[in-house]
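Student: The structure under discussion is supplied below as structure tokens; questions concerning it will follow.
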Amino acid sequence: MKTLFASLCLCCVLSFSVMAQTPTLTQVWETDTTLTTPESVLYDTKNNVLYVSCINGKSVPENQTSFVAKLGLDGKVQQRIMTPGLNAIKGMGIIGNKLYTASFFAVNEIDLATGKVVNNYTVPDAKMLNDITIDSKNQTLYVTDMRANSVWKLQNGKLEKILEGGLLKNPNGLLYDNGKLLIGNGEGILYSYDTKTKDLSKFAEGMGTEKSGIDGIESDGKKGYFVSEWRGRIWHVTPEGKPSLLLDTIDKPMNTADFSYVPGKKMLFVPTFLKNKVVAYKVN
């Protein structure tokens with residue numbers, strides 16, 4: 001009887017331990033509403049600021065009024081329009097002193113010191129570029145073409161298509177993590193692509209629908225991930241691929257687009273798209 005009781009107690013302790021590891025979110029601040037249609041937030045570790053890609057209207061090829069804004073980690077807008085005149089921009093990434101943004105058909109290269117566009121890399125037959133992720137060690141950029149169901153690589157100024165069709169359905173969110181690309185599919189499935197073996201496998205699922213797929217993906221710094229569903233949900237995914245819902249703002253309604261996570265500060269910075277602001281959450 002004592003052995004049975006001890007076993008039950010151990011199970012309870014283990015269950016509690018697993019539950020205790022699930023993060024929770026607490027809102028810290030939100031910006032004003034001058035960040036029109038914010039789609040992506042990116043943390044610049046060197047300069048300790050946030051960049052926000054603002055579509056500034058509809059995500060259509062005709063939109064040439066998108067811009068990049070600069071924020072402090074306190075939520076104050078330091079520079080509302082750092083780089084103007086961009087084309088329906090979405091995901092961002094940094095290599096060295098250059099900021100890269102995904103416009104509708106091309107990847108823009110922006111000098112961080114001046115905010116000026118210094119190069120454009122037009123993706124062949126692009127239909128709508130979306131998220132960007134960076135392999136910093138190899139100075140390689142990856143970008144999804146959501147409507148063409150493909151993923152491209154940009155390295156040393158050269159573009160190469162590395163994935164197309166098959167399991168990919170409206171791929172959006174993208175994260176490079178230790179030799180693998182995590183790809184957020186349109187129906188809420190998270191795939192893992194090994195950049196060396198070229199193997200594509202399912203890692204996690206159940207985080208969206210065909211109308212609202214995975215938008216942002218960030219490492220939690222502990223081999224797990226934070227994942228956003230554009231319609232208004234944020235999830236935590238364990239290293240084993242099990243998702244837990246952390247935030248649901250669909251009923252507000254408030255979108256949760258391509259966010260940024262800063263492990264050292266345990267902060268999530270979430271662009272709200274149609275609400276025209278960025279909201280910061282403390283990860284507990």
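Chain labels A, B, ... are given in the sequence in which chains occur in the structure tokens; within each chain residues are numbered consecutively from 1, and ligands are likewise numbered from 1 in the order shown.
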Could you pull out the residues in stretch 17-183 of chain A that DSSP calls alpha helix (DSSP H) from the backbone, as a PyMOL selection string?
Tutor: chain A and resi 17-20
Student: Just write the chosen residues, N, CA and C atoms, as a PDB file, in the first residue's frame.
Tutor:
```pdb
ATOM      1  N   SER A  17       5.167  19.196 -12.125  1.00  0.00           N
ATOM      2  CA  SER A  17       6.406  19.755 -12.656  1.00  0.00           C
ATOM      3  C   SER A  17       6.268  20.105 -14.124  1.00  0.00           C
ATOM      4  N   VAL A  18       5.618  19.210 -14.904  1.00  0.00           N
ATOM      5  CA  VAL A  18       5.420  19.450 -16.325  1.00  0.00           C
ATOM      6  C   VAL A  18       4.518  20.662 -16.542  1.00  0.00           C
ATOM      7  N   MET A  19       3.416  20.725 -15.717  1.00  0.00           N
ATOM      8  CA  MET A  19       2.492  21.847 -15.841  1.00  0.00           C
ATOM      9  C   MET A  19       3.176  23.164 -15.483  1.00  0.00           C
ATOM     10  N   ALA A  20       4.058  23.117 -14.470  1.00  0.00           N
ATOM     11  CA  ALA A  20       4.712  24.329 -14.004  1.00  0.00           C
ATOM     12  C   ALA A  20       5.659  24.905 -15.055  1.00  0.00           C
TER      13      ALA A  20
END
```
Student: Near stretch 67-70 of chain A, within 8 Å and counting only C-alpha atoms, which residues show up once chain neighbours fewer than 4 positions away are dropped, as number ranges by chain?
Tutor: A: 35, 49-56, 77-86, 89
Student: Go ahead and write the residues just picked, all heavy atoms, as a short mmCIF file (atom, residue, chain, number, x, y, z; two decimals), in the first residue's frame.
Tutor:
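Everything below was put into again_8.cif:
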```cif
data_model
loop_
_atom_site.label_atom_id
_atom_site.label_comp_id
_atom_site.auth_asym_id
_atom_site.auth_seq_id
_atom_site.Cartn_x
_atom_site.Cartn_y
_atom_site.Cartn_z
N LEU A 35 1.50 52.93 -35.76
CA LEU A 35 2.21 51.89 -36.51
C LEU A 35 1.20 51.17 -37.39
O LEU A 35 0.71 50.09 -37.06
CB LEU A 35 2.90 50.93 -35.55
CG LEU A 35 3.90 51.58 -34.59
CD1 LEU A 35 4.41 50.58 -33.59
CD2 LEU A 35 5.06 52.21 -35.37
N VAL A 49 17.22 47.77 -30.07
CA VAL A 49 15.97 48.40 -30.49
C VAL A 49 15.11 47.37 -31.23
O VAL A 49 15.58 46.28 -31.56
CB VAL A 49 16.21 49.63 -31.41
CG1 VAL A 49 16.94 50.72 -30.67
CG2 VAL A 49 16.97 49.21 -32.67
N LEU A 50 13.88 47.76 -31.49
CA LEU A 50 12.95 46.93 -32.24
C LEU A 50 12.64 47.60 -33.57
O LEU A 50 12.44 48.82 -33.62
CB LEU A 50 11.64 46.73 -31.47
CG LEU A 50 11.73 46.07 -30.10
CD1 LEU A 50 10.39 46.21 -29.36
CD2 LEU A 50 12.10 44.59 -30.22
N TYR A 51 12.60 46.80 -34.63
CA TYR A 51 12.14 47.30 -35.92
C TYR A 51 10.76 46.70 -36.19
O TYR A 51 10.50 45.53 -35.87
CB TYR A 51 13.11 46.91 -37.04
CG TYR A 51 14.50 47.44 -36.83
CD1 TYR A 51 15.56 46.58 -36.59
CD2 TYR A 51 14.76 48.81 -36.84
CE1 TYR A 51 16.84 47.06 -36.37
CE2 TYR A 51 16.03 49.31 -36.61
CZ TYR A 51 17.07 48.43 -36.38
OH TYR A 51 18.34 48.91 -36.15
N VAL A 52 9.90 47.50 -36.77
CA VAL A 52 8.54 47.06 -37.07
C VAL A 52 8.27 47.30 -38.56
O VAL A 52 8.44 48.41 -39.06
CB VAL A 52 7.49 47.83 -36.24
CG1 VAL A 52 6.10 47.27 -36.49
CG2 VAL A 52 7.83 47.77 -34.76
N SER A 53 7.90 46.23 -39.26
CA SER A 53 7.51 46.39 -40.66
C SER A 53 6.02 46.73 -40.70
O SER A 53 5.19 45.97 -40.21
CB SER A 53 7.80 45.13 -41.46
OG SER A 53 6.98 44.06 -41.06
N CYS A 54 5.72 47.89 -41.25
CA CYS A 54 4.33 48.36 -41.30
C CYS A 54 3.84 48.33 -42.74
O CYS A 54 4.32 49.10 -43.59
CB CYS A 54 4.23 49.77 -40.74
SG CYS A 54 4.68 49.89 -38.99
N ILE A 55 2.88 47.47 -43.03
CA ILE A 55 2.33 47.37 -44.38
C ILE A 55 1.67 48.69 -44.77
O ILE A 55 1.72 49.12 -45.92
CB ILE A 55 1.33 46.21 -44.47
CG1 ILE A 55 2.06 44.87 -44.25
CG2 ILE A 55 0.64 46.20 -45.84
CD1 ILE A 55 1.15 43.66 -44.23
N ASN A 56 1.07 49.36 -43.77
CA ASN A 56 0.45 50.68 -43.99
C ASN A 56 -0.62 50.62 -45.07
O ASN A 56 -0.57 51.33 -46.08
CB ASN A 56 1.53 51.71 -44.36
CG ASN A 56 0.99 53.13 -44.35
OD1 ASN A 56 0.07 53.45 -43.60
ND2 ASN A 56 1.56 53.98 -45.18
N VAL A 77 7.94 55.05 -29.60
CA VAL A 77 8.33 55.11 -31.01
C VAL A 77 9.49 56.09 -31.16
O VAL A 77 9.34 57.28 -30.96
CB VAL A 77 7.14 55.56 -31.89
CG1 VAL A 77 7.57 55.65 -33.35
CG2 VAL A 77 5.96 54.60 -31.75
N GLN A 78 10.65 55.57 -31.52
CA GLN A 78 11.84 56.41 -31.68
C GLN A 78 11.87 57.06 -33.06
O GLN A 78 12.33 58.19 -33.21
CB GLN A 78 13.10 55.57 -31.46
CG GLN A 78 13.25 55.04 -30.05
CD GLN A 78 14.56 54.27 -29.86
OE1 GLN A 78 15.37 54.14 -30.76
NE2 GLN A 78 14.76 53.74 -28.67
N GLN A 79 11.41 56.32 -34.06
CA GLN A 79 11.39 56.84 -35.43
C GLN A 79 10.25 56.13 -36.16
O GLN A 79 10.38 54.97 -36.52
CB GLN A 79 12.73 56.57 -36.12
CG GLN A 79 12.92 57.31 -37.42
CD GLN A 79 14.33 57.13 -37.99
OE1 GLN A 79 15.16 56.44 -37.41
NE2 GLN A 79 14.59 57.74 -39.12
N ARG A 80 9.18 56.86 -36.39
CA ARG A 80 8.01 56.21 -36.98
C ARG A 80 8.31 55.71 -38.39
O ARG A 80 7.92 54.60 -38.76
CB ARG A 80 6.81 57.16 -37.02
CG ARG A 80 5.58 56.50 -37.64
CD ARG A 80 4.36 57.39 -37.59
NE ARG A 80 3.24 56.73 -38.26
CZ ARG A 80 2.92 56.92 -39.54
NH1 ARG A 80 3.64 57.76 -40.28
NH2 ARG A 80 1.89 56.29 -40.08
N ILE A 81 8.98 56.51 -39.18
CA ILE A 81 9.32 56.08 -40.55
C ILE A 81 10.83 56.14 -40.72
O ILE A 81 11.39 57.21 -41.03
CB ILE A 81 8.61 56.93 -41.61
CG1 ILE A 81 7.09 56.83 -41.43
CG2 ILE A 81 9.00 56.45 -43.01
CD1 ILE A 81 6.28 57.63 -42.44
N MET A 82 11.49 55.01 -40.50
CA MET A 82 12.94 54.92 -40.69
C MET A 82 13.27 54.70 -42.17
O MET A 82 14.19 55.29 -42.71
CB MET A 82 13.50 53.76 -39.86
CG MET A 82 15.01 53.61 -39.93
SD MET A 82 15.60 52.16 -39.03
CE MET A 82 15.50 50.91 -40.33
N THR A 83 12.47 53.84 -42.82
CA THR A 83 12.63 53.57 -44.25
C THR A 83 11.26 53.62 -44.90
O THR A 83 10.41 52.77 -44.63
CB THR A 83 13.27 52.19 -44.49
OG1 THR A 83 14.50 52.11 -43.77
CG2 THR A 83 13.52 51.96 -45.97
N PRO A 84 11.00 54.59 -45.78
CA PRO A 84 9.69 54.72 -46.43
C PRO A 84 9.65 54.06 -47.80
O PRO A 84 10.66 53.55 -48.30
CB PRO A 84 9.55 56.23 -46.57
CG PRO A 84 10.96 56.69 -46.84
CD PRO A 84 11.86 55.75 -46.05
N GLY A 85 8.48 54.08 -48.43
CA GLY A 85 8.33 53.72 -49.83
C GLY A 85 8.57 52.26 -50.18
O GLY A 85 9.02 51.95 -51.27
N LEU A 86 8.24 51.37 -49.26
CA LEU A 86 8.43 49.94 -49.50
C LEU A 86 7.12 49.28 -49.96
O LEU A 86 6.05 49.86 -49.84
CB LEU A 86 8.98 49.26 -48.25
CG LEU A 86 10.34 49.81 -47.78
CD1 LEU A 86 10.72 49.25 -46.42
CD2 LEU A 86 11.43 49.52 -48.80
N ILE A 89 5.56 45.28 -47.16
CA ILE A 89 6.59 44.48 -46.49
C ILE A 89 6.05 43.67 -45.32
O ILE A 89 5.08 44.03 -44.67
CB ILE A 89 7.76 45.36 -46.00
CG1 ILE A 89 7.26 46.45 -45.03
CG2 ILE A 89 8.49 45.97 -47.18
CD1 ILE A 89 8.36 47.20 -44.34
#
```
Student: Give me every strand (DSSP E or B) residue in stretch 88-253 of chain A, going by DSSP on the backbone, as a PyMOL selection string.
Tutor: chain A and resi 92-95+98-102+106-111+117-122+129-135+140-145+150-155+158-164+174-177+180-184+190-194+200-204+209+212+214-219+225-229+233-237+243-248
Student: List the spatial neighbours of A:Met92 as number ranges by chain - criterion: any atom at most 10 Å away, only C-alpha atoms, same-chain residues fewer than 3 positions off excluded.
Tutor: A: 39-43, 51-53, 68, 89, 99-103, 107-109, 130-134, 141, 143, 258
Student: Can you tell me, as a list in words, what residues are no more than 10 Å from A:Gln139 when counting only C-alpha atoms, ignoring any on the same chain fewer than 2 positions away?
Tutor: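 Those residues are Ile94, Ile95, Gly96, Ile134, Asp135, Ser136, Lys137, Leu141, Leu154, Gln155 and Asn156 of chain A.
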Student: Please produce an output containing N, CA and C atoms for each residue in the selection, written as a PDB file, in the first residue's frame.
Tutor:
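Now in result-v8.pdb:
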```
ATOM      1  N   ILE A  94      18.374  40.457 -40.004  1.00  0.00           N
ATOM      2  CA  ILE A  94      19.573  41.285 -39.986  1.00  0.00           C
ATOM      3  C   ILE A  94      20.807  40.422 -40.258  1.00  0.00           C
ATOM      4  N   ILE A  95      21.646  40.897 -41.169  1.00  0.00           N
ATOM      5  CA  ILE A  95      22.971  40.326 -41.390  1.00  0.00           C
ATOM      6  C   ILE A  95      23.960  41.482 -41.340  1.00  0.00           C
ATOM      7  N   GLY A  96      24.853  41.456 -40.360  1.00  0.00           N
ATOM      8  CA  GLY A  96      25.817  42.551 -40.208  1.00  0.00           C
ATOM      9  C   GLY A  96      25.124  43.860 -39.922  1.00  0.00           C
ATOM     10  N   ILE A 134      17.262  34.153 -40.604  1.00  0.00           N
ATOM     11  CA  ILE A 134      18.682  34.293 -40.910  1.00  0.00           C
ATOM     12  C   ILE A 134      19.507  33.187 -40.251  1.00  0.00           C
ATOM     13  N   ASP A 135      20.400  32.592 -41.046  1.00  0.00           N
ATOM     14  CA  ASP A 135      21.477  31.744 -40.532  1.00  0.00           C
ATOM     15  C   ASP A 135      22.687  32.663 -40.400  1.00  0.00           C
ATOM     16  N   SER A 136      22.903  33.206 -39.207  1.00  0.00           N
ATOM     17  CA  SER A 136      23.936  34.223 -39.009  1.00  0.00           C
ATOM     18  C   SER A 136      25.340  33.694 -39.264  1.00  0.00           C
ATOM     19  N   LYS A 137      25.592  32.460 -38.868  1.00  0.00           N
ATOM     20  CA  LYS A 137      26.927  31.881 -39.027  1.00  0.00           C
ATOM     21  C   LYS A 137      27.345  31.845 -40.493  1.00  0.00           C
ATOM     22  N   LEU A 141      20.175  34.044 -45.831  1.00  0.00           N
ATOM     23  CA  LEU A 141      18.792  34.458 -45.594  1.00  0.00           C
ATOM     24  C   LEU A 141      17.851  33.453 -46.243  1.00  0.00           C
ATOM     25  N   LEU A 154      18.885  33.101 -49.950  1.00  0.00           N
ATOM     26  CA  LEU A 154      19.704  34.179 -50.497  1.00  0.00           C
ATOM     27  C   LEU A 154      21.061  34.141 -49.800  1.00  0.00           C
ATOM     28  N   GLN A 155      22.111  33.889 -50.581  1.00  0.00           N
ATOM     29  CA  GLN A 155      23.460  33.818 -50.021  1.00  0.00           C
ATOM     30  C   GLN A 155      24.448  34.405 -51.030  1.00  0.00           C
ATOM     31  N   ASN A 156      25.304  35.293 -50.539  1.00  0.00           N
ATOM     32  CA  ASN A 156      26.293  35.958 -51.397  1.00  0.00           C
ATOM     33  C   ASN A 156      25.647  36.603 -52.618  1.00  0.00           C
TER      34      ASN A 156
END
```
Student: In Å, how far is it from atom CA of A:Asn172 to atom CA of A:Ile214?
Tutor: 6.5 Å
Student: Near A:Pro271, counting only C-alpha atoms, which residues have an atom at most 9 Å away, once you skip same-chain residues fewer than 4 positions from it, shown as a PyMOL selection string?
Tutor: chain A and resi 37-41+52+255-260+275-280
Student: Please determine, counting only C-alpha atoms, which residue among A:Thr31, A:Thr26, A:Asn170, A:Asn47 has the shortest atom-to-atom distance to A:Gly188.
Tutor: A:Asn170
Student: List the neighbours of stretch 192-197 of chain A out to 6 Å using only C-alpha atoms; skip same-chain residues closer than 2 positions along the sequence, and give me the result as a PyMOL selection string.
Tutor: chain A and resi 179-182+199-201+203
Student: Those residues with all heavy atoms, as a PDB file, in the first residue's frame please?
Tutor:
```pdb
ATOM      1  N   GLY A 179      20.744  24.472 -37.927  1.00  0.00           N
ATOM      2  CA  GLY A 179      20.788  23.581 -39.086  1.00  0.00           C
ATOM      3  C   GLY A 179      19.443  23.164 -39.623  1.00  0.00           C
ATOM      4  O   GLY A 179      19.364  22.457 -40.629  1.00  0.00           O
ATOM      5  N   LYS A 180      18.383  23.615 -38.975  1.00  0.00           N
ATOM      6  CA  LYS A 180      17.039  23.258 -39.436  1.00  0.00           C
ATOM      7  C   LYS A 180      16.187  24.501 -39.648  1.00  0.00           C
ATOM      8  O   LYS A 180      16.360  25.510 -38.963  1.00  0.00           O
ATOM      9  CB  LYS A 180      16.357  22.318 -38.431  1.00  0.00           C
ATOM     10  CG  LYS A 180      17.035  20.961 -38.329  1.00  0.00           C
ATOM     11  CD  LYS A 180      16.258  20.017 -37.428  1.00  0.00           C
ATOM     12  CE  LYS A 180      16.925  18.645 -37.375  1.00  0.00           C
ATOM     13  NZ  LYS A 180      16.175  17.684 -36.530  1.00  0.00           N
ATOM     14  N   LEU A 181      15.285  24.382 -40.610  1.00  0.00           N
ATOM     15  CA  LEU A 181      14.303  25.429 -40.838  1.00  0.00           C
ATOM     16  C   LEU A 181      12.960  24.954 -40.313  1.00  0.00           C
ATOM     17  O   LEU A 181      12.474  23.890 -40.701  1.00  0.00           O
ATOM     18  CB  LEU A 181      14.157  25.732 -42.332  1.00  0.00           C
ATOM     19  CG  LEU A 181      15.174  26.638 -43.012  1.00  0.00           C
ATOM     20  CD1 LEU A 181      14.868  26.720 -44.495  1.00  0.00           C
ATOM     21  CD2 LEU A 181      15.177  28.022 -42.394  1.00  0.00           C
ATOM     22  N   LEU A 182      12.372  25.731 -39.409  1.00  0.00           N
ATOM     23  CA  LEU A 182      11.001  25.459 -39.001  1.00  0.00           C
ATOM     24  C   LEU A 182      10.095  26.286 -39.883  1.00  0.00           C
ATOM     25  O   LEU A 182      10.279  27.501 -40.026  1.00  0.00           O
ATOM     26  CB  LEU A 182      10.797  25.812 -37.532  1.00  0.00           C
ATOM     27  CG  LEU A 182      11.503  24.890 -36.537  1.00  0.00           C
ATOM     28  CD1 LEU A 182      11.323  25.383 -35.124  1.00  0.00           C
ATOM     29  CD2 LEU A 182      10.990  23.467 -36.659  1.00  0.00           C
ATOM     30  N   ASP A 199      15.652  16.676 -45.648  1.00  0.00           N
ATOM     31  CA  ASP A 199      14.457  15.975 -45.170  1.00  0.00           C
ATOM     32  C   ASP A 199      13.454  16.974 -44.597  1.00  0.00           C
ATOM     33  O   ASP A 199      13.820  17.881 -43.847  1.00  0.00           O
ATOM     34  CB  ASP A 199      14.822  14.958 -44.085  1.00  0.00           C
ATOM     35  CG  ASP A 199      15.581  13.767 -44.643  1.00  0.00           C
ATOM     36  OD1 ASP A 199      15.379  13.446 -45.829  1.00  0.00           O
ATOM     37  OD2 ASP A 199      16.366  13.162 -43.888  1.00  0.00           O
ATOM     38  N   LEU A 200      12.181  16.787 -44.945  1.00  0.00           N
ATOM     39  CA  LEU A 200      11.093  17.619 -44.438  1.00  0.00           C
ATOM     40  C   LEU A 200      10.145  16.740 -43.645  1.00  0.00           C
ATOM     41  O   LEU A 200       9.623  15.755 -44.169  1.00  0.00           O
ATOM     42  CB  LEU A 200      10.348  18.294 -45.592  1.00  0.00           C
ATOM     43  CG  LEU A 200       9.201  19.240 -45.222  1.00  0.00           C
ATOM     44  CD1 LEU A 200       9.733  20.472 -44.496  1.00  0.00           C
ATOM     45  CD2 LEU A 200       8.425  19.652 -46.471  1.00  0.00           C
ATOM     46  N   SER A 201       9.920  17.082 -42.367  1.00  0.00           N
ATOM     47  CA  SER A 201       9.078  16.241 -41.518  1.00  0.00           C
ATOM     48  C   SER A 201       8.173  17.104 -40.650  1.00  0.00           C
ATOM     49  O   SER A 201       8.479  18.261 -40.353  1.00  0.00           O
ATOM     50  CB  SER A 201       9.938  15.340 -40.630  1.00  0.00           C
ATOM     51  OG  SER A 201      10.807  16.119 -39.815  1.00  0.00           O
ATOM     52  N   PHE A 203       6.665  18.487 -37.347  1.00  0.00           N
ATOM     53  CA  PHE A 203       7.165  18.646 -35.984  1.00  0.00           C
ATOM     54  C   PHE A 203       6.035  18.857 -34.980  1.00  0.00           C
ATOM     55  O   PHE A 203       6.056  18.327 -33.877  1.00  0.00           O
ATOM     56  CB  PHE A 203       8.141  19.823 -35.919  1.00  0.00           C
ATOM     57  CG  PHE A 203       8.654  20.116 -34.538  1.00  0.00           C
ATOM     58  CD1 PHE A 203       9.514  19.235 -33.895  1.00  0.00           C
ATOM     59  CD2 PHE A 203       8.259  21.262 -33.868  1.00  0.00           C
ATOM     60  CE1 PHE A 203       9.971  19.495 -32.616  1.00  0.00           C
ATOM     61  CE2 PHE A 203       8.712  21.537 -32.589  1.00  0.00           C
ATOM     62  CZ  PHE A 203       9.573  20.650 -31.963  1.00  0.00           C
TER      63      PHE A 203
END
```
Student: Using atom CA of A:Asp125 and atom CA of A:Trp230 as the two end points, give the distance in Å to one decimal.
Tutor: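 One can read the atom CA of A:Asp125 to atom CA of A:Trp230 distance as 25.3 Å.
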